[in-house]
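Visitor: This is the content of protein21.cif (mmCIF, C-alpha atoms and all ligand atoms):
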```cif
data_data
loop_
_atom_site.label_atom_id
_atom_site.label_comp_id
_atom_site.auth_asym_id
_atom_site.auth_seq_id
_atom_site.Cartn_x
_atom_site.Cartn_y
_atom_site.Cartn_z
CA MET A 244 74.73 81.12 101.42
CA ALA A 245 76.67 82.84 104.17
CA ASP A 246 74.62 84.67 106.75
CA GLU A 247 75.26 88.37 106.07
CA LYS A 248 74.83 89.24 109.71
CA ALA A 249 77.65 86.85 110.66
CA GLU A 250 80.13 88.61 108.33
CA PRO A 251 82.80 90.48 110.26
CA GLN A 252 82.23 94.23 110.02
CA VAL A 253 85.76 95.41 110.70
CA ILE A 254 87.70 96.22 107.53
CA ARG A 255 91.35 95.31 107.72
CA ALA A 256 94.34 96.28 105.55
CA PRO A 257 94.48 94.15 102.36
CA LYS A 258 96.44 90.89 102.45
CA GLY A 259 100.17 91.42 102.04
CA THR A 260 100.12 95.08 103.11
CA HIS A 261 101.12 96.57 106.43
CA ASP A 262 100.69 99.75 108.45
CA VAL A 263 103.65 101.57 109.91
CA LEU A 264 102.52 103.19 113.12
CA TRP A 265 104.13 105.55 115.57
CA PRO A 266 106.62 105.01 117.20
CA GLU A 267 107.98 102.43 114.69
CA SER A 268 107.62 105.11 112.02
CA ALA A 269 110.28 107.19 113.82
CA ARG A 270 112.72 104.64 112.43
CA TRP A 271 111.41 105.24 108.90
CA GLU A 272 111.79 108.99 109.32
CA ALA A 273 115.38 108.57 110.47
CA LEU A 274 116.10 106.13 107.64
CA VAL A 275 114.75 108.48 104.98
CA ALA A 276 116.61 111.43 106.55
CA ALA A 277 119.90 109.48 106.46
CA PHE A 278 119.31 108.56 102.83
CA SER A 279 118.19 111.98 101.64
CA GLY A 280 121.17 113.57 103.40
CA ARG A 281 123.57 111.31 101.53
CA ALA A 282 121.71 111.80 98.25
CA ARG A 283 121.59 115.59 98.58
CA ARG A 284 125.31 115.79 99.34
CA ALA A 285 125.94 113.87 96.11
CA GLY A 286 123.82 116.25 94.03
CA PHE A 287 120.62 114.19 93.83
CA GLY A 288 117.21 115.88 93.99
CA LEU A 289 113.96 114.34 95.22
CA THR A 290 111.80 113.23 92.31
CA ILE A 291 108.14 112.34 92.64
CA THR A 292 106.29 110.52 89.87
CA PRO A 293 102.79 108.98 89.82
CA VAL A 294 102.08 105.75 91.64
CA PHE A 295 100.34 104.46 88.51
CA GLU A 296 101.66 104.65 84.95
CA ASP A 297 100.75 103.50 81.46
CA ALA A 298 101.12 99.71 81.77
CA ARG A 299 103.21 99.62 78.58
CA LEU A 300 105.99 101.49 80.40
CA PHE A 301 106.71 98.47 82.58
CA ARG A 302 106.15 95.94 79.82
CA ARG A 303 108.88 97.64 77.80
CA GLY A 304 110.99 98.85 80.71
CA ILE A 305 111.14 95.64 82.77
CA GLY A 306 110.26 93.09 80.07
CA GLY A 307 106.84 91.66 79.29
CA ASP A 308 107.88 88.05 79.94
CA SER A 309 109.56 88.73 83.29
CA ASP A 310 107.80 87.37 86.40
CA VAL A 311 107.39 90.89 87.74
CA VAL A 312 105.31 91.99 84.76
CA SER A 313 103.61 88.76 83.70
CA LYS A 314 102.69 87.43 87.16
CA GLU A 315 103.05 90.12 89.81
CA MET A 316 102.06 93.50 88.37
CA TYR A 317 98.81 95.15 89.46
CA GLU A 318 97.16 96.11 86.18
CA PHE A 319 93.81 97.74 85.64
CA THR A 320 91.92 99.93 83.21
CA ASP A 321 90.44 103.22 84.33
CA ARG A 322 86.92 104.43 83.43
CA ASP A 323 88.18 105.47 79.98
CA GLU A 324 89.69 102.02 79.37
CA ARG A 325 93.27 103.27 79.65
CA PRO A 326 95.66 100.40 80.47
CA LEU A 327 97.37 101.33 83.74
CA ALA A 328 99.61 99.63 86.27
CA LEU A 329 100.69 100.32 89.84
CA ARG A 330 104.44 100.73 89.75
CA PRO A 331 106.22 97.45 90.58
CA GLU A 332 109.61 99.23 90.84
CA GLY A 333 111.13 102.70 90.77
CA THR A 334 113.45 102.94 87.76
CA ALA A 335 111.17 102.89 84.70
CA PRO A 336 109.00 105.81 85.95
CA ILE A 337 112.11 107.95 86.60
CA VAL A 338 113.47 107.22 83.12
CA ARG A 339 110.02 108.00 81.68
CA ALA A 340 110.01 111.36 83.51
CA PHE A 341 113.52 112.10 82.27
CA VAL A 342 112.56 111.40 78.65
CA GLN A 343 109.35 113.43 78.99
CA HIS A 344 110.93 116.56 80.55
CA ASN A 345 114.38 116.41 79.01
CA PRO A 346 116.24 118.11 81.90
CA PRO A 347 119.94 119.08 81.63
CA VAL A 348 122.34 116.15 82.10
CA PRO A 349 123.71 114.57 84.14
CA TRP A 350 120.33 114.36 85.80
CA LYS A 351 120.52 112.95 89.33
CA ALA A 352 117.23 111.91 90.91
CA TRP A 353 116.48 110.20 94.22
CA TYR A 354 113.11 108.75 95.16
CA LEU A 355 111.07 107.23 97.94
CA THR A 356 108.13 105.23 96.66
CA PRO A 357 105.76 102.40 97.40
CA ALA A 358 106.09 99.49 94.95
CA PHE A 359 103.35 96.97 94.25
CA ARG A 360 103.75 93.29 93.46
CA TYR A 361 101.22 90.50 93.73
CA GLU A 362 103.56 88.12 95.56
CA ARG A 363 103.05 85.43 98.15
CA PRO A 364 103.44 87.43 101.38
CA GLN A 365 106.29 86.39 103.69
CA ALA A 366 108.72 87.97 106.13
CA GLY A 367 109.99 91.22 104.68
CA ARG A 368 108.02 90.78 101.46
CA TYR A 369 104.78 92.65 100.94
CA ARG A 370 102.34 93.39 98.14
CA GLN A 371 103.00 97.03 98.85
CA HIS A 372 106.57 97.54 99.93
CA HIS A 373 108.67 100.69 99.95
CA GLN A 374 111.81 101.59 98.08
CA LEU A 375 114.51 104.20 98.28
CA GLY A 376 116.63 104.70 95.21
CA VAL A 377 118.67 106.92 92.95
CA GLU A 378 119.05 107.19 89.17
CA VAL A 379 121.58 109.15 87.12
CA LEU A 380 120.74 109.82 83.48
CA GLY A 381 122.70 111.23 80.59
CA THR A 382 126.27 110.08 81.15
CA GLU A 383 128.28 106.89 80.88
CA ASP A 384 131.18 108.09 83.03
CA ALA A 385 132.38 105.12 85.08
CA ASP A 386 133.05 107.43 88.03
CA LEU A 387 129.28 107.76 88.38
CA ASP A 388 129.00 103.99 88.75
CA VAL A 389 131.46 104.36 91.63
CA GLU A 390 129.51 107.30 93.13
CA VAL A 391 126.24 105.41 92.99
CA ILE A 392 127.65 102.22 94.55
CA ALA A 393 129.47 104.30 97.19
CA LEU A 394 126.27 106.12 98.08
CA ALA A 395 124.50 102.85 98.84
CA ALA A 396 127.48 101.36 100.69
CA ARG A 397 127.93 104.47 102.86
CA PHE A 398 124.21 104.60 103.59
CA TYR A 399 124.24 101.02 104.92
CA ALA A 400 127.22 101.97 107.07
CA ASP A 401 125.31 105.03 108.38
CA LEU A 402 122.64 102.67 109.69
CA GLY A 403 125.28 100.67 111.53
CA LEU A 404 125.17 97.63 109.23
CA ARG A 405 128.52 95.84 109.14
CA ARG A 406 127.82 92.45 107.59
CA ILE A 407 127.23 93.58 104.02
CA ASP A 408 128.24 91.59 100.96
CA LEU A 409 128.67 93.66 97.79
CA ALA A 410 128.79 91.69 94.55
CA VAL A 411 129.81 93.45 91.34
CA ASN A 412 129.90 92.38 87.70
CA SER A 413 129.94 93.83 84.21
CA MET A 414 127.50 92.68 81.54
CA GLY A 415 129.27 94.54 78.76
CA CYS A 416 127.38 96.06 75.85
CA GLY A 417 124.94 94.37 73.46
CA GLU A 418 127.71 93.06 71.16
CA ASP A 419 129.75 91.66 74.06
CA ARG A 420 126.71 89.90 75.39
CA ALA A 421 125.71 88.47 71.99
CA ARG A 422 129.19 86.92 71.68
CA TYR A 423 129.02 85.61 75.22
CA VAL A 424 125.49 84.22 75.00
CA ASP A 425 126.58 81.94 72.12
CA VAL A 426 129.42 80.58 74.24
CA LEU A 427 127.17 80.20 77.28
CA ARG A 428 124.46 78.42 75.27
CA ALA A 429 127.00 75.93 73.97
CA PHE A 430 128.26 75.34 77.52
CA LEU A 431 124.74 74.85 78.88
CA THR A 432 123.87 72.46 76.05
CA GLU A 433 126.76 70.25 77.18
CA HIS A 434 125.41 70.30 80.74
CA ALA A 435 121.67 70.39 79.97
CA ALA A 436 120.95 67.16 81.87
CA GLU A 437 122.37 68.64 85.08
CA LEU A 438 120.21 71.81 85.09
CA CYS A 439 117.13 72.35 87.29
CA ASP A 440 113.73 71.23 85.96
CA GLU A 441 112.74 74.68 84.78
CA HIS A 442 115.95 75.49 82.96
CA ARG A 443 116.55 72.08 81.41
CA GLN A 444 113.63 72.91 79.11
CA ARG A 445 114.11 76.65 78.73
CA PHE A 446 117.80 77.51 78.80
CA THR A 447 118.06 78.04 75.03
CA THR A 448 115.71 81.07 74.94
CA HIS A 449 117.19 82.92 77.95
CA PRO A 450 120.58 81.41 78.79
CA LEU A 451 121.51 84.40 80.99
CA ARG A 452 118.65 83.62 83.36
CA VAL A 453 120.27 80.29 84.20
CA LEU A 454 123.17 82.27 85.72
CA ASP A 455 120.65 83.98 87.98
CA CYS A 456 118.98 80.69 89.06
CA LYS A 457 119.38 80.01 92.79
CA ARG A 458 118.56 76.28 92.65
CA PRO A 459 121.49 74.04 93.66
CA ALA A 460 121.46 72.10 90.35
CA CYS A 461 121.94 75.22 88.25
CA ARG A 462 124.35 76.75 90.78
CA ALA A 463 126.59 73.72 90.47
CA VAL A 464 126.67 73.94 86.67
CA THR A 465 127.17 77.71 86.44
CA GLU A 466 129.99 77.62 88.99
CA ASN A 467 132.29 76.64 86.13
CA ALA A 468 130.52 78.44 83.27
CA PRO A 469 132.43 80.86 81.04
CA ARG A 470 132.39 84.38 82.49
CA LEU A 471 130.87 87.39 80.75
CA VAL A 472 133.71 89.64 82.00
CA ASP A 473 136.11 87.63 79.85
CA TYR A 474 134.16 88.62 76.71
CA LEU A 475 134.17 92.41 77.12
CA ASP A 476 135.48 94.53 74.26
CA GLU A 477 138.16 97.12 74.90
CA SER A 478 135.90 100.02 75.92
CA CYS A 479 133.65 97.94 78.19
CA ALA A 480 136.70 96.34 79.80
CA ALA A 481 138.22 99.80 80.39
CA HIS A 482 134.94 101.02 81.88
CA PHE A 483 134.82 98.10 84.30
CA THR A 484 138.47 98.56 85.27
CA ARG A 485 137.77 102.21 86.06
CA VAL A 486 134.80 101.16 88.25
CA ARG A 487 136.85 98.60 90.16
CA THR A 488 139.80 100.96 90.59
CA GLY A 489 137.39 103.59 91.91
CA LEU A 490 135.81 101.23 94.45
CA ASP A 491 139.29 100.22 95.62
CA ALA A 492 140.36 103.87 95.92
CA LEU A 493 137.31 104.65 98.08
CA GLY A 494 137.92 101.60 100.27
CA ILE A 495 134.63 99.95 99.31
CA VAL A 496 134.93 96.21 99.76
CA TYR A 497 133.35 94.09 97.02
CA ARG A 498 133.74 90.77 95.31
CA LEU A 499 133.49 89.95 91.64
CA GLU A 500 130.39 87.81 90.94
CA PRO A 501 130.45 86.64 87.31
CA ARG A 502 126.90 85.26 87.61
CA LEU A 503 125.35 88.59 88.59
CA VAL A 504 123.43 89.46 85.42
CA ARG A 505 120.10 90.86 84.38
CA GLY A 506 118.29 89.06 81.62
CA LEU A 507 117.18 92.02 79.49
CA ASP A 508 118.94 93.72 76.62
CA TYR A 509 118.93 97.25 77.99
CA TYR A 510 120.98 96.37 81.06
CA THR A 511 124.60 97.11 80.25
CA ARG A 512 128.00 97.13 81.85
CA THR A 513 128.08 97.56 85.65
CA THR A 514 125.64 95.53 87.75
CA PHE A 515 125.75 95.15 91.54
CA GLU A 516 123.90 93.70 94.47
CA PHE A 517 124.08 94.20 98.24
CA ALA A 518 123.21 91.29 100.54
CA ALA A 519 122.92 91.26 104.33
CA SER A 520 124.91 88.31 105.64
CA ALA A 521 122.88 88.40 108.87
CA LEU A 522 119.72 87.33 106.98
CA ASP A 523 118.80 83.94 105.49
CA ALA A 524 120.45 83.46 102.13
CA ALA A 525 117.14 83.11 100.27
CA GLN A 526 115.91 86.51 101.51
CA ASN A 527 119.06 88.54 102.03
CA ALA A 528 119.15 90.94 99.06
CA ILE A 529 118.85 94.45 100.48
CA GLY A 530 119.51 96.52 97.38
CA GLY A 531 120.95 96.44 93.93
CA GLY A 532 121.10 98.05 90.58
CA GLY A 533 123.25 98.75 87.60
CA ARG A 534 123.59 100.44 84.25
CA TYR A 535 120.73 100.46 81.77
CA ASP A 536 122.14 102.32 78.79
CA GLY A 537 119.37 100.94 76.54
CA LEU A 538 116.35 101.56 78.78
CA SER A 539 115.53 105.06 77.53
CA GLU A 540 115.24 103.71 73.96
CA ALA A 541 113.30 100.66 75.12
CA ILE A 542 110.54 102.92 76.46
CA GLY A 543 110.49 105.04 73.32
CA GLY A 544 112.99 107.81 74.18
CA PRO A 545 116.28 108.83 72.56
CA PRO A 546 119.44 106.92 73.47
CA ASN A 547 120.51 107.90 76.99
CA PRO A 548 122.85 106.09 79.35
CA GLY A 549 121.71 105.64 82.94
CA ILE A 550 122.60 103.95 86.21
CA GLY A 551 120.85 103.57 89.55
CA PHE A 552 119.80 101.32 92.39
CA GLY A 553 116.78 100.51 94.52
CA ILE A 554 116.66 99.52 98.19
CA GLY A 555 113.67 97.80 99.81
CA ILE A 556 113.03 99.48 103.15
CA GLU A 557 111.21 96.61 104.89
CA ARG A 558 113.95 94.08 104.12
CA LEU A 559 116.63 96.61 105.07
CA LEU A 560 115.04 97.11 108.50
CA LEU A 561 114.97 93.32 108.99
CA ALA A 562 118.70 93.33 108.29
CA CYS A 563 119.14 96.07 110.92
CA ASP A 564 117.16 93.98 113.42
CA ALA A 565 119.30 90.94 112.62
CA GLU A 566 122.46 92.95 113.33
CA GLY A 567 120.90 94.74 116.32
CA CYS A 568 121.57 98.17 114.85
CA PHE A 569 119.62 101.32 113.97
CA ALA A 570 117.22 101.03 116.90
CA VAL A 571 115.74 104.51 116.68
CA THR A 572 113.88 105.81 119.71
CA PRO A 573 111.58 108.78 119.18
CA THR A 574 112.92 112.07 120.55
CA PRO A 575 111.14 112.74 123.87
CA ALA A 576 109.01 115.85 124.26
CA ASP A 577 110.60 118.83 126.01
CA ALA A 578 107.59 119.65 128.13
CA PHE A 579 104.21 118.34 129.22
CA VAL A 580 102.02 121.21 130.38
CA ILE A 581 99.76 120.44 133.32
CA ASP A 582 97.02 123.02 133.80
CA LEU A 583 95.11 122.97 137.10
CA THR A 584 93.18 126.15 136.30
CA GLY A 585 90.78 125.00 133.58
CA GLY A 586 92.80 124.48 130.38
CA GLU A 587 93.32 127.97 128.93
CA GLN A 588 96.85 128.15 130.33
CA ALA A 589 97.76 124.81 128.73
CA ARG A 590 96.25 125.98 125.43
CA ASP A 591 98.36 129.16 125.40
CA LEU A 592 101.54 127.72 126.88
CA VAL A 593 101.94 124.78 124.47
CA ASP A 594 101.56 127.21 121.57
CA GLU A 595 104.19 129.51 123.07
CA LEU A 596 106.64 126.65 123.61
CA ARG A 597 106.05 125.22 120.13
CA GLN A 598 106.64 128.67 118.62
CA ALA A 599 109.98 128.66 120.46
CA GLY A 600 110.88 125.40 118.69
CA LEU A 601 110.16 123.05 121.60
CA VAL A 602 108.10 119.87 121.62
CA ALA A 603 105.21 120.57 124.00
CA LEU A 604 102.35 118.21 124.94
CA ARG A 605 99.30 118.52 127.18
CA ALA A 606 96.21 116.57 128.27
CA TYR A 607 92.70 117.21 126.94
CA ASP A 608 89.08 116.67 127.98
CA GLY A 609 89.42 118.45 131.36
CA ARG A 610 91.36 115.65 133.02
CA SER A 611 91.93 115.65 136.78
CA PRO A 612 95.34 116.76 138.12
CA LYS A 613 96.19 113.13 138.91
CA SER A 614 95.26 111.95 135.43
CA GLN A 615 97.26 114.80 133.82
CA MET A 616 100.30 113.88 135.91
CA LYS A 617 99.98 110.25 134.88
CA GLN A 618 99.85 111.22 131.20
CA ALA A 619 102.86 113.47 131.67
CA ASP A 620 104.85 110.58 133.17
CA ARG A 621 103.78 108.22 130.40
CA SER A 622 104.65 110.73 127.67
CA GLY A 623 108.36 110.50 128.37
CA ALA A 624 108.66 114.30 128.38
CA ARG A 625 111.73 115.83 130.03
CA PHE A 626 109.74 118.24 132.23
CA ALA A 627 106.26 118.80 133.55
CA VAL A 628 105.34 122.47 133.41
CA ILE A 629 102.67 122.96 136.05
CA VAL A 630 100.29 125.92 136.21
CA GLY A 631 98.10 126.04 139.35
CA THR A 632 95.98 128.90 140.71
CA GLU A 633 98.87 130.22 142.78
CA GLU A 634 101.36 130.10 139.89
CA LEU A 635 98.85 131.84 137.67
CA SER A 636 98.36 134.72 140.12
CA THR A 637 102.12 135.26 140.63
CA GLY A 638 103.17 134.88 136.95
CA VAL A 639 105.29 131.74 137.43
CA VAL A 640 105.18 128.04 136.52
CA THR A 641 106.49 125.02 138.39
CA LEU A 642 109.08 123.04 136.45
CA ARG A 643 109.38 119.41 137.53
CA PRO A 644 111.97 117.04 135.97
CA LEU A 645 110.32 113.77 134.87
CA ARG A 646 113.23 111.80 133.42
CA ASP A 647 116.37 112.96 135.15
CA PRO A 648 116.91 113.38 138.88
CA GLY A 649 116.56 116.93 140.16
CA GLU A 650 114.44 119.22 142.32
CA GLN A 651 111.41 121.00 140.99
CA GLU A 652 111.79 124.75 140.71
CA THR A 653 109.71 127.86 140.20
CA VAL A 654 110.41 129.76 136.98
CA PRO A 655 108.93 133.08 135.81
CA ARG A 656 106.45 132.22 133.13
CA ARG A 657 108.05 134.55 130.58
CA ASP A 658 111.39 132.70 130.97
CA ILE A 659 110.05 129.18 130.55
CA ALA A 660 110.73 128.76 126.81
CA ALA A 661 114.31 129.98 127.20
CA ARG A 662 114.78 127.77 130.28
CA LEU A 663 113.65 124.69 128.33
CA SER A 664 115.66 125.38 125.18
CA PRO A 665 118.43 122.79 124.70
CA LEU A 666 121.23 125.39 124.72
CA SER A 667 120.28 126.95 128.05
CA SER A 668 119.38 123.71 129.85
CA GLU A 669 122.81 122.17 129.23
CA GLY A 670 124.52 124.73 131.52
ZN ZN B 701 131.22 96.30 74.93
ZN ZN B 702 117.64 76.74 87.20
#
```
Output the structure of this file as structure tokens.
Ligand SMILES: [Zn+2]
Ligand SMILES: [Zn+2]
Guide:
Amino acid sequence: MADEKAEPQVIRAPKGTHDVLWPESARWEALVAAFSGRARRAGFGLTITPVFEDARLFRRGIGGDSDVVSKEMYEFTDRDERPLALRPEGTAPIVRAFVQHNPPVPWKAWYLTPAFRYERPQAGRYRQHHQLGVEVLGTEDADLDVEVIALAARFYADLGLRRIDLAVNSMGCGEDRARYVDVLRAFLTEHAAELCDEHRQRFTTHPLRVLDCKRPACRAVTENAPRLVDYLDESCAAHFTRVRTGLDALGIVYRLEPRLVRGLDYYTRTTFEFAASALDAAQNAIGGGGRYDGLSEAIGGPPNPGIGFGIGIERLLLACDAEGCFAVTPTPADAFVIDLTGGEQARDLVDELRQAGLVALRAYDGRSPKSQMKQADRSGARFAVIVGTEELSTGVVTLRPLRDPGEQETVPRRDIAARLSPLSSEG
């Protein structure tokens, strides 16, 4: 038996999770602000749903035999034996909330959420990762497909990403797909011997998943497979044409990828995926989504068309690193107050400056003048605001530039907030 006393006492974050600390988190704040700005301008509202849900929601909404649900989902029962799961993705909970509350349509929701998957941890892949996304429910207008894809594309551009590959496809409706699956199954049967080990055995039950297989053997076969887009009926073909015309009109560059499919029945029509060309091909997906006109019914609601996408934040930031863009530096403080009279002046002055909308810092624990000055330098603040005994008795403060060249000056204490405000300091 292990010696209890030899056990390490420090508790660390669970395997596959990570902390985002200041100042790295400044990048997250800026990322979320860029996304929420775009989403708000397109009529989306922030939507917050529980981190855990009835486990059946994901079994029905993602598919019980998918890897995500059968191998990766965190499932547990609570003290009343309710079957629950930590959300592995963002869409099913939003559709569940829509069905439950029945808001007016079109309902446009954006979200920021952690997502949980029991995966083998690797670069950019965590057991708790974070997603940004949007969903639109209640309309099948193809212009919304264009809006949703444009929102994601413009957001990537906002971050400075240039090497983005957008793949687009249409999966048609249930009838189109049934017709196509027969043709695809026949094609795969002819080429069964050439498929990868997994799909050689299993292609008959889920032929569409072979299209999604990234192994070279399957890729080589599906290169020449019949294309789903060639089996669309009139209305699905018209829908897809409208989507493509819209993307062209907005100047959004994309390529048609006939193999971009999702293996479940409730995914319909438009499907799309963004990849970062600056990342390794195996790990370069930075967002994707599509229509799911059958999902509402799959989880027990009335028929309701919907479309949306999800973006993994960690992977997206890796893509930014790879392109050397979106290097956010925290905004420096406006002032660091140095109090040589005992601390009461610093206490009052930082409050005054903060009330005036400025970022004001100070030292604590009765530090020496030298130590306070050192902290002020290290803080990156624009100015040190110094209050000594003499300043205190004459109602002034000494203002010393810390970042930019310039002489220190004496400023009446009552003018200091105005003097430090961005508008007045520019002149
Ligand atoms: Zn159709
Ligand atoms: Zn395969």
Visitor: Give the residues close to ligand ZN 701 (chain B), within 12 Å, counting all atoms listed in the file; write them as a ChimeraX atom specification.
Guide: /A:413-423,471-483,510-513,536
Visitor: Please, could you write that set of residues out with C-alpha atoms as a CSV table (one decimal), keeping the file's coordinate frame?
Guide:
```
chain,number,residue,atom,x,y,z
A,413,SER,CA,129.9,93.8,84.2
A,414,MET,CA,127.5,92.7,81.5
A,415,GLY,CA,129.3,94.5,78.8
A,416,CYS,CA,127.4,96.1,75.8
A,417,GLY,CA,124.9,94.4,73.5
A,418,GLU,CA,127.7,93.1,71.2
A,419,ASP,CA,129.8,91.7,74.1
A,420,ARG,CA,126.7,89.9,75.4
A,421,ALA,CA,125.7,88.5,72.0
A,422,ARG,CA,129.2,86.9,71.7
A,423,TYR,CA,129.0,85.6,75.2
A,471,LEU,CA,130.9,87.4,80.8
A,472,VAL,CA,133.7,89.6,82.0
A,473,ASP,CA,136.1,87.6,79.8
A,474,TYR,CA,134.2,88.6,76.7
A,475,LEU,CA,134.2,92.4,77.1
A,476,ASP,CA,135.5,94.5,74.3
A,477,GLU,CA,138.2,97.1,74.9
A,478,SER,CA,135.9,100.0,75.9
A,479,CYS,CA,133.6,97.9,78.2
A,480,ALA,CA,136.7,96.3,79.8
A,481,ALA,CA,138.2,99.8,80.4
A,482,HIS,CA,134.9,101.0,81.9
A,483,PHE,CA,134.8,98.1,84.3
A,510,TYR,CA,121.0,96.4,81.1
A,511,THR,CA,124.6,97.1,80.2
A,512,ARG,CA,128.0,97.1,81.8
A,513,THR,CA,128.1,97.6,85.6
A,536,ASP,CA,122.1,102.3,78.8
```
Visitor: At a cut-off of 12 Å, using all atoms listed in the file, what residues contact stretch 304-317 of chain A? Leave out same-chain residues fewer than 6 positions from it and give the result as a PDB file with C-alpha atoms, in the frame of the given file.
Guide:
```
ATOM      1  CA  VAL A 294     102.080 105.750  91.640  1.00  0.00           C
ATOM      2  CA  PHE A 295     100.340 104.460  88.510  1.00  0.00           C
ATOM      3  CA  GLU A 296     101.660 104.650  84.950  1.00  0.00           C
ATOM      4  CA  ASP A 297     100.750 103.500  81.460  1.00  0.00           C
ATOM      5  CA  ALA A 298     101.120  99.710  81.770  1.00  0.00           C
ATOM      6  CA  PRO A 326      95.660 100.400  80.470  1.00  0.00           C
ATOM      7  CA  LEU A 327      97.370 101.330  83.740  1.00  0.00           C
ATOM      8  CA  ALA A 328      99.610  99.630  86.270  1.00  0.00           C
ATOM      9  CA  LEU A 329     100.690 100.320  89.840  1.00  0.00           C
ATOM     10  CA  ARG A 330     104.440 100.730  89.750  1.00  0.00           C
ATOM     11  CA  PRO A 331     106.220  97.450  90.580  1.00  0.00           C
ATOM     12  CA  GLU A 332     109.610  99.230  90.840  1.00  0.00           C
ATOM     13  CA  GLY A 333     111.130 102.700  90.770  1.00  0.00           C
ATOM     14  CA  THR A 334     113.450 102.940  87.760  1.00  0.00           C
ATOM     15  CA  ALA A 335     111.170 102.890  84.700  1.00  0.00           C
ATOM     16  CA  PRO A 336     109.000 105.810  85.950  1.00  0.00           C
ATOM     17  CA  ILE A 337     112.110 107.950  86.600  1.00  0.00           C
ATOM     18  CA  VAL A 338     113.470 107.220  83.120  1.00  0.00           C
ATOM     19  CA  ARG A 339     110.020 108.000  81.680  1.00  0.00           C
ATOM     20  CA  ALA A 358     106.090  99.490  94.950  1.00  0.00           C
ATOM     21  CA  PHE A 359     103.350  96.970  94.250  1.00  0.00           C
ATOM     22  CA  ARG A 360     103.750  93.290  93.460  1.00  0.00           C
ATOM     23  CA  TYR A 361     101.220  90.500  93.730  1.00  0.00           C
ATOM     24  CA  GLU A 362     103.560  88.120  95.560  1.00  0.00           C
ATOM     25  CA  ARG A 363     103.050  85.430  98.150  1.00  0.00           C
ATOM     26  CA  PRO A 364     103.440  87.430 101.380  1.00  0.00           C
ATOM     27  CA  TYR A 369     104.780  92.650 100.940  1.00  0.00           C
ATOM     28  CA  ARG A 370     102.340  93.390  98.140  1.00  0.00           C
ATOM     29  CA  GLN A 371     103.000  97.030  98.850  1.00  0.00           C
ATOM     30  CA  THR A 448     115.710  81.070  74.940  1.00  0.00           C
ATOM     31  CA  HIS A 449     117.190  82.920  77.950  1.00  0.00           C
ATOM     32  CA  ARG A 452     118.650  83.620  83.360  1.00  0.00           C
ATOM     33  CA  ARG A 505     120.100  90.860  84.380  1.00  0.00           C
ATOM     34  CA  GLY A 506     118.290  89.060  81.620  1.00  0.00           C
ATOM     35  CA  LEU A 507     117.180  92.020  79.490  1.00  0.00           C
ATOM     36  CA  ASP A 508     118.940  93.720  76.620  1.00  0.00           C
ATOM     37  CA  TYR A 509     118.930  97.250  77.990  1.00  0.00           C
ATOM     38  CA  TYR A 510     120.980  96.370  81.060  1.00  0.00           C
ATOM     39  CA  TYR A 535     120.730 100.460  81.770  1.00  0.00           C
ATOM     40  CA  ASP A 536     122.140 102.320  78.790  1.00  0.00           C
ATOM     41  CA  GLY A 537     119.370 100.940  76.540  1.00  0.00           C
ATOM     42  CA  LEU A 538     116.350 101.560  78.780  1.00  0.00           C
ATOM     43  CA  SER A 539     115.530 105.060  77.530  1.00  0.00           C
ATOM     44  CA  GLU A 540     115.240 103.710  73.960  1.00  0.00           C
ATOM     45  CA  ALA A 541     113.300 100.660  75.120  1.00  0.00           C
ATOM     46  CA  ILE A 542     110.540 102.920  76.460  1.00  0.00           C
ATOM     47  CA  GLY A 543     110.490 105.040  73.320  1.00  0.00           C
ATOM     48  CA  GLY A 544     112.990 107.810  74.180  1.00  0.00           C
TER      49      GLY A 544
END
```
Visitor: List the spatial neighbours of A:Leu493 as a list in words - criterion: any atom at most 8 Å away, only C-alpha atoms, same-chain residues fewer than 3 positions off excluded.
Guide: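 Skipping anything fewer than 3 positions along the chain leaves Ala393, Gly489 and Leu490 of chain A.
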Visitor: Using all atoms listed in the file for the distances, tell me which of A:Lys613, A:Ala589, A:Leu427, A:Asp594 is nearest to A:Val630.
Guide: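 Residue with the minimum atom-to-atom distance to A:Val630: A:Ala589.
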Visitor: When you count only C-alpha atoms and all ligand atoms, which of these residues is closest to ligand ZN 702 (chain B): A:Leu380, A:Leu264, A:Ala436, A:Ile529?
Guide: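 Looking only at the distances to ligand ZN 702 (chain B), the closest residue turns out to be A:Ala436.
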Visitor: Tell me, in Å to one decimal, how far atom CA of A:Val411 is from atom CA of A:Arg498.
Guide: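 Separation between atom CA of A:Val411 and atom CA of A:Arg498: 6.2 Å.
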